[in-house]
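> Sharing a structure with you now.
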Amino acid sequence: MTEIVAPRLASTVLLLRNGTSSREIEVFMMVRHHQIEFNSGALVFPGGSVDKNDKEIAADPALYSGGEGLDGDALGFRIAAIRETFEESGILLARPQGSKHLVDAKRANEIATAHRAALNEGKIGFLKVLTDNGMVLALDELVPYAHWITPEGMPKRFDTWFFLAAAPPEQLGAHDGKESTDSIWVSTREALEGGETGRFKLPFPTTRNLIRLGKQPNVGAALADSKGKPIVAVMPVMTKTATGRQLRIPKEAGYDGEVFDVGALG
């Protein structure tokens with residue numbers, strides 16, 4: 001009997017901006033290093049696992065805004081989302097203490113230059129980065145968008161919350177060169193076309209979320225459409241047919257179908 005691996009809690013952020021030339025929503029995405037164990041070489045959104053340091057931050061409401069009414073797990077997902085985004089892209093969704101405005105691009109870059117490498121190497125905690133620089137996490141900038149759980153039977157599983165966030169003005173982002181080897185601001189249309197032509201390797205949940213996001217005309221509409229909307233957890237179920245494999249997801253999750261062909265039988 002195959003042992004069911006418990007999923008690790010994780011968060012992902014779809015950082016959005018309105019394209020200047022195409023007038024399409026653009027999203028920040030990265031190519032994962034080919035030696036990374038999970039989704040190697042794939043084009044993905046910034047994200048990663050919730051860790052114990054995120055829970056330490058959650059215990060101090062002075063370190064974040066927008067956490068009202070959230071339990072510890074919900075806070076952990078949001079804090080991890082902002083930390084992982086900073087680690088992987090250098091984009092910081094935070095405000096200086098006492099300010100109503102997000103940290104400006106110059107200051108965010110200074111903080112990233114001073115601390116990002118050490119944070120990625122585990123030499124410093126995100127809590128210290130925040131306190132040393134007088135930053136308050138802007139949890140209220142995150143809009144819950146989707147909830148995906150890796151199917152049972154997989155050797156590595158994640159329980160992942162996806163969030164939308166408008167990219168802070170002039171914070172452009174850049175990959176870290178370690179976990180990810182490239183980064184790009186890309187329209188949902190271009191990303192999906194790249195997946196079809198082989199330019200990009202897109203994981204199944206990434207594809208579904210790009211298709212869904214692409215139905216929105218701009219960032220404001222995407223955020224407004226998702227605020228307060230109930231989210232249905234998606235744990236795909238794999239089945240085999242006479243000709244290949246299919247994945248089934250709940251119709252009520254609001255994606256572009258229920259059953260998807262994902263490959264021919266070898």
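Identifiers for the structure tokens are assigned positionally: chains receive A, B, ... in sequence, residues are indexed from 1 per chain, and ligands are indexed from 1 in the order shown.
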Taking the chain letters and numbering used in this document, name the residues of segment 23-231 of chain A that DSSP puts in strand (DSSP E), as an NGL selection string.

:A and (25-32 or 43-44 or 47-49 or 64-65 or 94-96 or 135-138 or 143-149 or 158-166 or 180-187)

> Would you save the residues from that selection as a compact mmCIF listing (two decimals), in the first residue's frame, using N, CA and C atoms?


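So result_13.txt came out as:
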```
# COMPACT_ATOMS: atom_id res chain seq x y z
N ILE A 25 -2.92 42.45 -19.40
CA ILE A 25 -2.31 42.19 -18.10
C ILE A 25 -1.00 41.45 -18.31
N GLU A 26 0.02 41.91 -17.60
CA GLU A 26 1.30 41.20 -17.59
C GLU A 26 1.55 40.65 -16.18
N VAL A 27 2.19 39.52 -16.12
CA VAL A 27 2.45 38.86 -14.84
C VAL A 27 3.94 38.53 -14.76
N PHE A 28 4.51 38.66 -13.56
CA PHE A 28 5.93 38.36 -13.36
C PHE A 28 6.11 36.86 -13.19
N MET A 29 6.97 36.26 -14.02
CA MET A 29 7.20 34.82 -13.95
C MET A 29 8.69 34.52 -14.05
N MET A 30 9.06 33.35 -13.56
CA MET A 30 10.46 32.95 -13.52
C MET A 30 10.63 31.53 -14.05
N VAL A 31 11.83 31.25 -14.55
CA VAL A 31 12.17 29.89 -14.98
C VAL A 31 12.94 29.22 -13.86
N ARG A 32 12.39 28.15 -13.34
CA ARG A 32 13.05 27.44 -12.24
C ARG A 32 14.30 26.72 -12.74
N LEU A 43 8.23 27.47 -16.13
CA LEU A 43 7.92 28.89 -15.98
C LEU A 43 6.83 29.00 -14.92
N VAL A 44 7.14 29.69 -13.81
CA VAL A 44 6.24 29.69 -12.66
C VAL A 44 6.14 31.09 -12.06
N GLY A 47 7.13 31.91 -5.43
CA GLY A 47 6.45 31.25 -4.33
C GLY A 47 7.31 30.18 -3.69
N GLY A 48 6.80 29.61 -2.60
CA GLY A 48 7.52 28.55 -1.91
C GLY A 48 6.83 28.17 -0.62
N SER A 49 7.51 27.40 0.20
CA SER A 49 6.92 26.82 1.40
C SER A 49 6.81 27.82 2.55
N TYR A 64 2.76 43.64 10.44
CA TYR A 64 1.97 43.53 9.21
C TYR A 64 0.66 44.29 9.35
N SER A 65 0.07 44.64 8.21
CA SER A 65 -1.25 45.24 8.17
C SER A 65 -2.13 44.36 7.30
N ALA A 94 5.54 45.81 1.07
CA ALA A 94 5.62 46.29 2.46
C ALA A 94 5.55 47.81 2.47
N ARG A 95 5.30 48.36 3.66
CA ARG A 95 5.26 49.81 3.86
C ARG A 95 6.22 50.19 4.98
N PRO A 96 6.83 51.36 4.87
CA PRO A 96 7.59 51.86 6.02
C PRO A 96 6.63 52.06 7.20
N MET A 135 10.03 48.01 8.36
CA MET A 135 9.03 47.67 7.36
C MET A 135 7.85 46.92 7.97
N VAL A 136 6.66 47.15 7.43
CA VAL A 136 5.43 46.46 7.83
C VAL A 136 4.88 45.77 6.59
N LEU A 137 4.67 44.47 6.67
CA LEU A 137 4.19 43.72 5.52
C LEU A 137 2.78 44.15 5.13
N ALA A 138 2.55 44.32 3.83
CA ALA A 138 1.25 44.78 3.32
C ALA A 138 0.40 43.57 2.92
N VAL A 143 -4.71 39.43 -2.68
CA VAL A 143 -6.09 38.99 -2.88
C VAL A 143 -6.08 37.47 -3.13
N PRO A 144 -6.69 36.67 -2.25
CA PRO A 144 -6.74 35.22 -2.47
C PRO A 144 -7.36 34.90 -3.83
N TYR A 145 -6.70 34.01 -4.57
CA TYR A 145 -7.11 33.74 -5.95
C TYR A 145 -7.44 32.27 -6.20
N ALA A 146 -6.65 31.38 -5.63
CA ALA A 146 -6.86 29.95 -5.88
C ALA A 146 -6.19 29.13 -4.79
N HIS A 147 -6.60 27.87 -4.71
CA HIS A 147 -6.06 26.96 -3.70
C HIS A 147 -5.90 25.59 -4.35
N TRP A 148 -4.66 25.17 -4.56
CA TRP A 148 -4.38 23.89 -5.23
C TRP A 148 -3.60 22.96 -4.30
N ILE A 149 -3.96 21.69 -4.34
CA ILE A 149 -3.29 20.66 -3.53
C ILE A 149 -2.79 19.57 -4.47
N PHE A 158 2.24 19.65 -2.27
CA PHE A 158 2.11 20.98 -1.70
C PHE A 158 0.63 21.35 -1.56
N ASP A 159 0.33 22.06 -0.51
CA ASP A 159 -0.98 22.66 -0.27
C ASP A 159 -0.76 24.16 -0.46
N THR A 160 -1.10 24.66 -1.66
CA THR A 160 -0.65 25.99 -2.08
C THR A 160 -1.80 26.96 -2.28
N TRP A 161 -1.65 28.14 -1.65
CA TRP A 161 -2.56 29.24 -1.89
C TRP A 161 -1.94 30.18 -2.91
N PHE A 162 -2.73 30.57 -3.92
CA PHE A 162 -2.32 31.53 -4.92
C PHE A 162 -2.96 32.88 -4.57
N PHE A 163 -2.16 33.94 -4.65
CA PHE A 163 -2.65 35.29 -4.38
C PHE A 163 -2.37 36.19 -5.58
N LEU A 164 -3.27 37.16 -5.80
CA LEU A 164 -3.02 38.22 -6.76
C LEU A 164 -2.51 39.44 -6.01
N ALA A 165 -1.64 40.21 -6.67
CA ALA A 165 -1.19 41.49 -6.11
C ALA A 165 -0.75 42.39 -7.24
N ALA A 166 -1.13 43.64 -7.17
CA ALA A 166 -0.62 44.62 -8.12
C ALA A 166 0.84 44.89 -7.78
N SER A 180 16.04 30.21 -9.57
CA SER A 180 15.50 30.54 -10.89
C SER A 180 16.61 31.13 -11.75
N THR A 181 16.54 30.87 -13.05
CA THR A 181 17.62 31.25 -13.96
C THR A 181 17.21 32.34 -14.94
N ASP A 182 15.96 32.72 -14.94
CA ASP A 182 15.50 33.79 -15.83
C ASP A 182 14.19 34.33 -15.26
N SER A 183 13.84 35.54 -15.63
CA SER A 183 12.57 36.12 -15.21
C SER A 183 12.05 37.01 -16.32
N ILE A 184 10.74 37.21 -16.33
CA ILE A 184 10.11 37.92 -17.44
C ILE A 184 8.77 38.48 -17.00
N TRP A 185 8.46 39.68 -17.46
CA TRP A 185 7.09 40.19 -17.39
C TRP A 185 6.43 39.77 -18.69
N VAL A 186 5.37 39.01 -18.61
CA VAL A 186 4.79 38.41 -19.80
C VAL A 186 3.27 38.49 -19.74
N SER A 187 2.63 38.72 -20.88
CA SER A 187 1.17 38.70 -20.91
C SER A 187 0.70 37.26 -20.78
```

> Mind checking DSSP for segment 87-243 of chain A and telling me the helix (DSSP H, G or I) residues as an MDAnalysis selection string?

chainID A and resid 87:89 105:120 126:133 139:141 188:197 204:213 219:226

> Go through A:Lys201, A:Leu223, A:Ala6, A:Leu172 and flag the residue nearest Gly153 of chain A, using only C-alpha atoms for the distances.

A:Ala6

> What is the atom CA of Pro230 of chain A-atom CA of Pro168 of chain A distance in Å, reported with one decimal?

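Atom CA of Pro230 of chain A sits 25.8 Å away from atom CA of Pro168 of chain A.
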